[in-house]
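Q: Questions regarding the structure given below will be posed in turn.
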Amino acid sequence: MAIPGSGLAKGLAVTLRTMTRRSITDQYPDVQPELPPRTRGVIGLFEENCTVCMLCARECPDWCIYIDSHKETVPPAAPGGRERSRNVLDRFAIDFSLCMYCGICIEVCPFDALFWSPEFEYAETDIHELTHERDKLREWMWTVPEPPALDPAAEEPKELAAARKTAEKLAAQQAAEAEKKQEDEA
Ligand code: SF4
Ligand code: SF4
């Protein structure tokens, strides 16, 4: 059985203990908080990378990604080739009044078209304004932090290695051509 007044004594003990400590109140909005680099504030869309594969919209547990698109026929890359069709994005929107910031859409996007930005100051008085359309999602890309540098001991990314090899091959070809030209002129 609790001793009468023990709750009050406990409460006073907590008050006494904490009143001598330094306050840790953040002075937001006068002072901006120092957020961790991987903060989930808002989602940015890098439209150029989006192939309208719909994976993000299908995997979103809240069904709050809205995508509309149409198909376009692309002429063959080489004469005699076949025409191809590709999806063209008409609408890409995220309703942040429904989003639960799980990050699944960003994880599943196979083409690196979605990114977290630490921006969080986008409260609205009208809930409809929390549906950010593609232009607004693109604007958030400016606030996406740079990815951390690679570990110096890490393996070179495949894309970089391939690009470096091609550049070296081209440079070698050009050098050989220049040498041959000099020999011919001599
Ligand atoms: S973070 Fe989660 S809830 Fe929000 S849009 Fe992406 S998948 Fe949907
Ligand atoms: S998963 Fe990525 S590429 Fe596919 S529709 Fe979503 S944003 Fe675009």
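So you can find residues: chains in the structure tokens are A, B, ... in the order shown, residues in each start at 1, and ligands are numbered from 1 in order.
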Around ligand 1, out to 6 Å and counting only C-alpha atoms and all ligand atoms, which residues are there? I want them as a list in words.
A: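 Residues satisfying the distance criterion: Cys60, Pro61, Asp62, Cys64, Ile65, Cys99, Met100, Tyr101, Cys102, Gly103, Ile104 and Cys105 of chain A.
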Q: Residues of region 54-108 of chain A classed as strand (DSSP E or B) by DSSP on the backbone are to be reported as a PyMOL selection string.
A: chain A and resi 65-74+84-95
Q: Using only C-alpha atoms and all ligand atoms, determine which residues fall within 9 Å of ligand 2, then list them as a compact mmCIF listing (two decimals) with N, CA and C atoms, in the first residue's frame.
A:
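Once written, part05.txt looks like this:
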```txt
# COMPACT_ATOMS: atom_id res chain seq x y z
N LEU A 45 11.82 14.68 -55.51
CA LEU A 45 11.73 13.84 -56.72
C LEU A 45 12.71 14.34 -57.76
N PHE A 46 13.60 13.45 -58.18
CA PHE A 46 14.52 13.76 -59.28
C PHE A 46 13.89 13.15 -60.54
N GLU A 47 13.06 13.99 -61.17
CA GLU A 47 12.16 13.53 -62.23
C GLU A 47 12.88 12.85 -63.40
N ASN A 49 15.20 10.88 -63.44
CA ASN A 49 15.51 9.46 -63.20
C ASN A 49 14.27 8.57 -63.16
N CYS A 50 13.10 9.18 -63.10
CA CYS A 50 11.87 8.40 -62.93
C CYS A 50 11.43 7.80 -64.26
N THR A 51 11.23 6.50 -64.26
CA THR A 51 10.80 5.81 -65.49
C THR A 51 9.31 5.47 -65.42
N VAL A 52 8.61 5.99 -64.42
CA VAL A 52 7.19 5.72 -64.22
C VAL A 52 6.94 4.21 -64.09
N CYS A 53 7.82 3.55 -63.34
CA CYS A 53 7.66 2.10 -63.16
C CYS A 53 6.54 1.78 -62.16
N MET A 54 6.12 2.77 -61.39
CA MET A 54 5.00 2.65 -60.44
C MET A 54 5.33 1.84 -59.18
N LEU A 55 6.57 1.41 -59.04
CA LEU A 55 6.91 0.59 -57.86
C LEU A 55 6.64 1.34 -56.56
N CYS A 56 7.04 2.61 -56.51
CA CYS A 56 6.87 3.38 -55.27
C CYS A 56 5.39 3.48 -54.91
N ALA A 57 4.56 3.79 -55.92
CA ALA A 57 3.12 3.96 -55.65
C ALA A 57 2.50 2.64 -55.19
N ARG A 58 2.98 1.53 -55.78
CA ARG A 58 2.41 0.21 -55.41
C ARG A 58 2.83 -0.21 -54.00
N GLU A 59 4.07 0.13 -53.63
CA GLU A 59 4.58 -0.32 -52.33
C GLU A 59 4.21 0.60 -51.17
N ILE A 65 0.92 8.11 -52.90
CA ILE A 65 1.69 8.59 -54.05
C ILE A 65 0.78 8.49 -55.27
N ILE A 67 0.43 8.86 -59.30
CA ILE A 67 1.20 8.97 -60.55
C ILE A 67 0.26 8.79 -61.74
N LEU A 89 5.79 10.84 -67.85
CA LEU A 89 5.15 11.25 -66.60
C LEU A 89 4.21 12.45 -66.81
N PHE A 92 3.01 13.49 -60.75
CA PHE A 92 3.65 12.77 -59.63
C PHE A 92 3.39 13.62 -58.40
N CYS A 105 9.08 4.00 -50.23
CA CYS A 105 9.12 4.44 -51.63
C CYS A 105 10.56 4.73 -52.06
N ILE A 106 11.34 5.34 -51.18
CA ILE A 106 12.72 5.69 -51.51
C ILE A 106 13.57 4.42 -51.61
N GLU A 107 13.30 3.49 -50.71
CA GLU A 107 14.05 2.22 -50.70
C GLU A 107 13.80 1.41 -51.97
N VAL A 108 12.53 1.38 -52.42
CA VAL A 108 12.20 0.48 -53.53
C VAL A 108 12.47 1.10 -54.90
N CYS A 109 12.61 2.41 -54.97
CA CYS A 109 12.80 3.03 -56.29
C CYS A 109 14.09 2.48 -56.92
N PRO A 110 13.96 1.79 -58.05
CA PRO A 110 15.17 1.16 -58.63
C PRO A 110 16.03 2.17 -59.40
N PHE A 111 15.55 3.39 -59.58
CA PHE A 111 16.25 4.33 -60.45
C PHE A 111 16.73 5.60 -59.73
N ASP A 112 16.79 5.55 -58.41
CA ASP A 112 17.27 6.70 -57.62
C ASP A 112 16.56 7.99 -58.00
N ALA A 113 15.25 7.95 -57.96
CA ALA A 113 14.49 9.15 -58.31
C ALA A 113 13.89 9.83 -57.08
N LEU A 114 13.94 9.16 -55.94
CA LEU A 114 13.36 9.75 -54.72
C LEU A 114 14.43 9.86 -53.63
```
Q: CA of Ala93 (chain A) and CA of Trp116 (chain A) are how many Å apart?
A: 15.0 Å
Q: A:Gly80, A:Phe120, A:Pro148, A:Arg164: which is nearest Pro33 (chain A), counting only C-alpha atoms?
A: A:Phe120
Q: Neighbours of Ser117 (chain A) within 6 Å (only C-alpha atoms; same-chain residues fewer than 6 positions away dropped), as a short mmCIF file (atom, residue, chain, number, x, y, z; two decimals) with all heavy atoms, in the first residue's frame?
A:
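Writing done, so here's result-v9.cif:
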```cif
data_model
loop_
_atom_site.label_atom_id
_atom_site.label_comp_id
_atom_site.auth_asym_id
_atom_site.auth_seq_id
_atom_site.Cartn_x
_atom_site.Cartn_y
_atom_site.Cartn_z
N GLY A 41 12.60 14.44 -43.48
CA GLY A 41 11.76 15.63 -43.40
C GLY A 41 10.70 15.64 -44.48
O GLY A 41 9.51 15.68 -44.21
N VAL A 42 11.17 15.62 -45.73
CA VAL A 42 10.25 15.63 -46.87
C VAL A 42 10.93 14.85 -48.00
O VAL A 42 12.14 14.61 -47.95
CB VAL A 42 9.94 17.10 -47.28
CG1 VAL A 42 11.10 17.77 -47.97
CG2 VAL A 42 8.68 17.19 -48.11
N ILE A 43 10.13 14.49 -49.01
CA ILE A 43 10.69 13.67 -50.09
C ILE A 43 10.88 14.52 -51.35
O ILE A 43 9.98 15.26 -51.74
CB ILE A 43 9.77 12.47 -50.38
CG1 ILE A 43 9.71 11.56 -49.14
CG2 ILE A 43 10.24 11.67 -51.59
CD1 ILE A 43 8.61 10.52 -49.17
N THR A 143 17.23 20.77 -51.53
CA THR A 143 17.53 20.72 -50.09
C THR A 143 18.05 19.33 -49.67
O THR A 143 18.27 19.10 -48.49
CB THR A 143 16.27 21.06 -49.26
OG1 THR A 143 15.27 20.07 -49.53
CG2 THR A 143 15.70 22.41 -49.62
N VAL A 144 18.20 18.45 -50.64
CA VAL A 144 18.70 17.10 -50.31
C VAL A 144 20.22 17.18 -50.07
O VAL A 144 20.94 17.72 -50.91
CB VAL A 144 18.40 16.11 -51.47
CG1 VAL A 144 19.08 14.77 -51.25
CG2 VAL A 144 16.89 15.93 -51.62
#
```
Q: So which bits of region 43-134 of chain A end up alpha helix (DSSP H) when you DSSP the backbone, as a compact mmCIF listing (two decimals) with N, CA, C and O atoms, in the first residue's frame?
A:
```txt
# COMPACT_ATOMS: atom_id res chain seq x y z
N LEU A 55 6.57 1.41 -59.04
CA LEU A 55 6.91 0.59 -57.86
C LEU A 55 6.64 1.34 -56.56
O LEU A 55 6.07 0.78 -55.62
N CYS A 56 7.04 2.61 -56.51
CA CYS A 56 6.87 3.38 -55.27
C CYS A 56 5.39 3.48 -54.91
O CYS A 56 5.02 3.29 -53.75
N ALA A 57 4.56 3.79 -55.92
CA ALA A 57 3.12 3.96 -55.65
C ALA A 57 2.50 2.64 -55.19
O ALA A 57 1.63 2.62 -54.32
N ARG A 58 2.98 1.53 -55.78
CA ARG A 58 2.41 0.21 -55.41
C ARG A 58 2.83 -0.21 -54.00
O ARG A 58 2.07 -0.84 -53.28
N GLU A 59 4.07 0.13 -53.63
CA GLU A 59 4.58 -0.32 -52.33
C GLU A 59 4.21 0.60 -51.17
O GLU A 59 4.34 0.22 -50.01
N ILE A 104 9.70 3.64 -47.52
CA ILE A 104 9.64 2.47 -48.41
C ILE A 104 9.75 2.90 -49.88
O ILE A 104 10.47 2.29 -50.66
N CYS A 105 9.08 4.00 -50.23
CA CYS A 105 9.12 4.44 -51.63
C CYS A 105 10.56 4.73 -52.06
O CYS A 105 10.96 4.38 -53.18
N ILE A 106 11.34 5.34 -51.18
CA ILE A 106 12.72 5.69 -51.51
C ILE A 106 13.57 4.42 -51.61
O ILE A 106 14.40 4.27 -52.50
N GLU A 107 13.30 3.49 -50.71
CA GLU A 107 14.05 2.22 -50.70
C GLU A 107 13.80 1.41 -51.97
O GLU A 107 14.70 0.82 -52.53
N VAL A 108 12.53 1.38 -52.42
CA VAL A 108 12.20 0.48 -53.53
C VAL A 108 12.47 1.10 -54.90
O VAL A 108 12.53 0.36 -55.89
N ARG A 134 4.51 17.55 -58.61
CA ARG A 134 5.87 17.27 -59.09
C ARG A 134 6.80 18.49 -59.02
O ARG A 134 7.98 18.34 -58.72
```
